[in-house]
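A short worksheet on the structure shown next.
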Number of protein chains: 2
Amino acid sequence: MTASTDAPKETAARKVEARLPRGLADRGPAELTAMRGMLEKIRGTFELYGFEAVETPFIEYTDALGKFLPDQDRPNEGVFSFQDDDDQWLSLRYDLTAPLARYVAEHFDKLPKPYRSYRNGFVFRNEKPGPGRFRQFMQFDADTVGAPSVAADAEIAMLMADTLEAVGIARGDYVIKVNNRKVLDGVMEVIGLAGDENAARRLIVLRAIDKLDKVGPDGVRDLLGKGRMDPSGDFTKGAGLEAKSIETILAFTAARADTLAATFKNLHAVVVGSARGVEGVNELEEIASLVSAGGYNDGRVIIDPSVVRGLEYYTGPVFEAELTFEVKDEDGKLVRFGAVAGGGRYDGLVARFRGEPVPATGFSVGVSRLLAALSILGKQGTESDQQGPVVVLVMDKEQTASYQRLVSTLRQNNIRAELYLGGSGMKAQMKYADKRGSVCVVIQGSDEREKGEVLIKDLVLGATLSSAPDRDAYLKQQAEAQFAVPESEMITAVRKVLARHS
Amino acid sequence: MTASTDAPKETAARKVEARLPRGLADRGPAELTAMRGMLEKIRGTFELYGFEAVETPFIEYTDALGKFLPDQDRPNEGVFSFQDDDDQWLSLRYDLTAPLARYVAEHFDKLPKPYRSYRNGFVFRNEKPGPGRFRQFMQFDADTVGAPSVAADAEIAMLMADTLEAVGIARGDYVIKVNNRKVLDGVMEVIGLAGDENAARRLIVLRAIDKLDKVGPDGVRDLLGKGRMDPSGDFTKGAGLEAKSIETILAFTAARADTLAATFKNLHAVVVGSARGVEGVNELEEIASLVSAGGYNDGRVIIDPSVVRGLEYYTGPVFEAELTFEVKDEDGKLVRFGAVAGGGRYDGLVARFRGEPVPATGFSVGVSRLLAALSILGKQGTESDQQGPVVVLVMDKEQTASYQRLVSTLRQNNIRAELYLGGSGMKAQMKYADKRGSVCVVIQGSDEREKGEVLIKDLVLGATLSSAPDRDAYLKQQAEAQFAVPESEMITAVRKVLARHS
């Protein structure tokens, strides 16, 4: 295609190219069936926890999403935006959390408090797409608004575990990691990086910690200090921290020990002198206690101080669901599958609208990532789970009404059925039935019509005919694979054939 | 809010208003439950007919949707559009048909032919919203691509009937009307309005016919002639046709007679001299024959020449599903509920991409309209269909872990349950349980805890206590409405109470 400046005038005269913009994808029946099954299981688990459905539109005011560029009246380039006829900026939703905050603020008085709700749907990112990175993808979120207690956070962590098991991830193949931003804040305070004036450096520190999995403790040490040269020779400038500060941060990320008691002892040691840090560790202890009470302290939910979640709006506990089994990465190296869900407490998001603090906590399932994981585990339903429709062949176009009668009879008896609607002959019709995954076809030529019969052809048996050991066996199989019955017995006969292969 | 030009800079300093752009709506659990149930029934019917799922993204190239303004490189204002980083115009999909045409053209070789598929999802119109008119709404479509035969059209008409019955519209409360654009083209030819040079006048004629329901035959006569003054005094300029031409059109729209034979006789009479018109009537006769073969000629599917569908891309048979029961309109007048689904044959839409004709026919369910109809008929599931969750009260914050254990036990036994997560006292917690529609709450005060018991409170029975006829009855009811059991019997006891009210 040529650029838009000259394309439109020409389109009437020539062919339009059938293609999708980058980072967008079509999905066929197998993936949609698997997706639907998975979404229903997630929904069932969320409902079991008392969360109720709510849906918001795809389009919101850009300011409601908090997506204007800092100090500018232009929307962030990461969101798809357009101006309404009154010149106000609208955007496609970027996640499901900002619209929830708007919804709660708008309907605050009529909602039960605390308000547990769930929602699923597509979100849009106007970012550079890449392998596995799309500009439209689905999330499935659960959030509790109006509950300041960390009991709400502990519940989210347990819900994450139950959700993964509901969709088919085995216990032991996943772990829910819990950390607390307040502990990190405490660490920052201890090393003198508190306050607005240090926001930029804190972000560098956050990013360095986030790379722990990839570059290891020594790599993080470099990133927190002078900088790090990666194997390709690229140099990343470091945070420039002093040696003592660096060791405090590394002690924090390595705080997880064999026992909870030891982990909490380590954490208390790194936040000495920070009230916020101590509060954060106490909250983690409370969460651990609630998780134990629920019986999830068997490795399903763990306290792991190395987890940092990127989003800046988190204000307390953060969660990450990680799949622990290994898969090959792009270079063929075995790596953990990684995160499929994450979340945390965001007490400030609703406050933007209400001017008063509204506590909130929740998490988001990366639906496509999770479906990909199920596919790798062989737990994803495939198209072949469903038998293809029975195809009624058209042997004589003049008799189409008779064939339509047969198809309608099949459908009225709840048998998935099709009239062949193309213009091709017998051979192409059989090929069509094959492509549709049909178990059998119904045939009525002039012979059968005169006798008031239909011929049922079992395509699955038919395909194995040549493998019969001897002539008798062949004839017996042939008689089963293709047989005539009176029209009045068509339903019974078709059901028998479908049952053979179900 | 102030206009976007000065708003963003201020938002950091002050509250953002929580509100939605016009023509967009949030949806709560009752509507979502009803919607989900209805969509599943539609899906089941489409699958029974052999249609398979496909999903396309919300964003397409504007040219692929055919949505550039004529002779301009600017997208039609009716669609939400934005430029990609390579300056190409993108738009939110306007319907589900144009994206299907793009999909089929792009994947033509790998698809079975004919290709029956269905899809559902939101579409977007950047139009002036009004009562019941939204800028985001849901459609559910089924289409057959690659079948030139009118057997495909007849199938669509029967599928429409079965779909309405599947969601709960009773036979007799709806009618599927079938007409054919070719017949209308024939009429135009007969009255000398064929050819590109008459496109504008044909559109006026089309619009006039479309108003038949509202203004009656005399009104249409005026609109086809000099024009019409409506009761409010507004004058609509007419098509300026001659009297004879007007009578031909009116004879066409009134062609429906008591018998099919008579209807076809009338239709043949108005298209005498137009080969295309005759072809159209013949096609309608074939559709009627197939519909009869399927058994749908009992008033479910009728031939009705008064049906015109607005969309210009239809090239053959058109369909409209009309609900025939009466509802009050805005002025309190009884009117038929009207159309909830429509479609037709569009042989040119895929051809835009392929440069060769690709026959296609299908229809679209207006999901919100249909749900509104079910609601009026009292067939829509409501929130009260589902019992609220069991709420475990928090009597002593220090004991939250014990309460969490009770909640987890309930959930592990597949009982929908919640821990009260707020900070309020007993009375507010009971009020919360009421708001959640809970059937019972589980209470463990210090007395119960010491005895290893829980107290189950049946909120439904409890609400009727005061209506007991005498003291004995009252005491008996009271004992049923609130009773203590050992913790180990909590599940059995809660199940008993839930079963009382299910």
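A note on labels: chains of the structure tokens are A, B, ... as shown, every chain counts residues from 1, and ligands are counted from 1 in their shown order.
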- Message: Just want the 9 Å neighbourhood of A:Ile169, counted on only C-alpha atoms, with same-chain residues fewer than 3 positions away dropped. Output as an NGL selection string.
- Response: :A and (163-166 or 172-174 or 323 or 373-374 or 377 or 379)
- Query: Counting only C-alpha atoms, what is within 10 Å of A:Ala25, bar same-chain residues fewer than 2 positions away, as a list in words?
  - Reply: Leu20, Pro21, Arg22, Gly23, Arg27, Phe134, Arg135, Gln136 and Phe137 of chain A; Glu55, Thr56, Pro57, Phe58 and Ile59 of chain B
- Message: Please extract the residues of stretch 27-208 of chain B with a backbone DSSP assignment of helix (DSSP H, G or I) and present them as number ranges by chain.
- Response: B: 29-48, 97-106, 108-110, 150-167, 181-190, 196-208
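A straight line drawn from atom CA of A:Val394 to atom CA of A:Glu489 is 19.7 Å long.
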- Message: Just want the 12 Å neighbourhood of B:Arg495, counted on only C-alpha atoms, with same-chain residues fewer than 5 positions away dropped. Output as a PyMOL selection string.
- Response: chain B and resi 390+410+413-417+439-440+456+458+489-490+500-502
Export, as a compact mmCIF listing (two decimals), in the first residue's frame, the selected residues with C-alpha atoms.
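Saved result, again-v3.txt, follows:
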```txt
# COMPACT_ATOMS: atom_id res chain seq x y z
CA VAL B 390 -21.67 -16.45 52.35
CA LEU B 410 -15.95 -22.74 52.44
CA ASN B 413 -15.86 -26.84 49.29
CA ASN B 414 -17.05 -24.81 46.32
CA ILE B 415 -19.23 -22.52 48.40
CA ARG B 416 -19.09 -18.91 47.25
CA ALA B 417 -17.75 -17.07 50.30
CA VAL B 439 -28.33 -16.08 52.26
CA CYS B 440 -26.34 -16.55 55.45
CA ILE B 456 -24.78 -19.71 61.24
CA ASP B 458 -29.93 -17.47 57.98
CA GLU B 489 -19.93 -29.32 60.65
CA MET B 490 -19.84 -25.81 59.16
CA ARG B 500 -33.44 -23.89 51.89
CA HIS B 501 -33.48 -20.88 49.62
CA SER B 502 -32.24 -22.15 46.28
```
- Task: Would you please give, as a PyMOL selection string, all residues of stretch 87-141 of chain B that DSSP assigns to strand (DSSP E) based on the backbone?
- Result: chain B and resi 89-92+115-124+136-141
- Item | Among the residues A:Tyr94, A:Tyr296, A:Phe264, A:Tyr314, the one that comes closest to chain B [using only C-alpha atoms] |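 For chain B, the nearest of the candidates is A:Tyr296.
In this structure, atom CA of A:Val123 sits 20.1 Å away from atom CA of A:Ala321.
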- Query: If we count only C-alpha atoms, what is near stretch 244-249 of chain B at a cut-off of 8 Å, once residues fewer than 4 positions away on the same chain are taken out, given as an NGL selection string?
  - Reply: :B and (187 or 191 or 221 or 224-225 or 253 or 270)
List the neighbours of A:Val340 out to 9 Å using only C-alpha atoms; skip same-chain residues closer than 2 positions along the sequence, and give me the result as an mmCIF file with C-alpha atoms, in the first residue's frame.
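Output file part.cif is given in full below:
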```
data_model
loop_
_atom_site.group_PDB
_atom_site.id
_atom_site.type_symbol
_atom_site.label_atom_id
_atom_site.label_comp_id
_atom_site.auth_asym_id
_atom_site.auth_seq_id
_atom_site.Cartn_x
_atom_site.Cartn_y
_atom_site.Cartn_z
ATOM 1 C CA GLU A 320 3.481 -11.889 40.806
ATOM 2 C CA ALA A 321 2.360 -15.312 39.581
ATOM 3 C CA GLU A 322 5.265 -17.130 38.031
ATOM 4 C CA LEU A 323 5.139 -20.424 36.167
ATOM 5 C CA PHE A 337 8.158 -19.727 31.646
ATOM 6 C CA GLY A 338 7.838 -16.673 33.895
ATOM 7 C CA GLY A 342 0.614 -9.690 38.588
ATOM 8 C CA SER A 364 -4.477 -8.925 36.359
ATOM 9 C CA VAL A 365 -4.146 -12.179 34.413
ATOM 10 C CA GLY A 366 -2.270 -11.934 31.123
ATOM 11 C CA VAL A 367 -4.791 -14.070 29.268
ATOM 12 C CA SER A 368 -2.753 -14.747 26.122
ATOM 13 C CA ARG A 369 0.385 -15.604 28.115
ATOM 14 C CA LEU A 370 -1.568 -18.008 30.290
ATOM 15 C CA ALA A 373 1.418 -21.765 28.897
#
```
- Task: Work out how far apart atom CA of A:Glu283 and atom CA of A:Lys182 are and give it in Å to one decimal.
- Result: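 Computing it gives 9.1 Å between the two atoms.
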- Message: From the options B:Pro148, B:Gly299, B:Gly219, B:Gly130, which residue's atoms come nearest to chain A, counting only C-alpha atoms?
- Response: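 Selected residue with least distance to chain A: B:Pro148.
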- Which residue gives the smallest distance to B:Ala142 among B:Ser466, B:Asn198, B:Gln83, B:Thr45, with only C-alpha atoms counted?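 Under the stated criterion, the closest residue is B:Thr45.
Using only C-alpha atoms, the smallest distance between any of A:Leu32, A:Val358, A:Leu393, A:Ile42 and chain B comes from A:Leu32.
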- Query: Hey, which of B:Gly295, B:Gly192, B:Pro231, B:Gly186 ends up closest to B:Ala161? Count only C-alpha atoms.
  - Reply: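 Closest to B:Ala161 of all the choices is B:Gly295.
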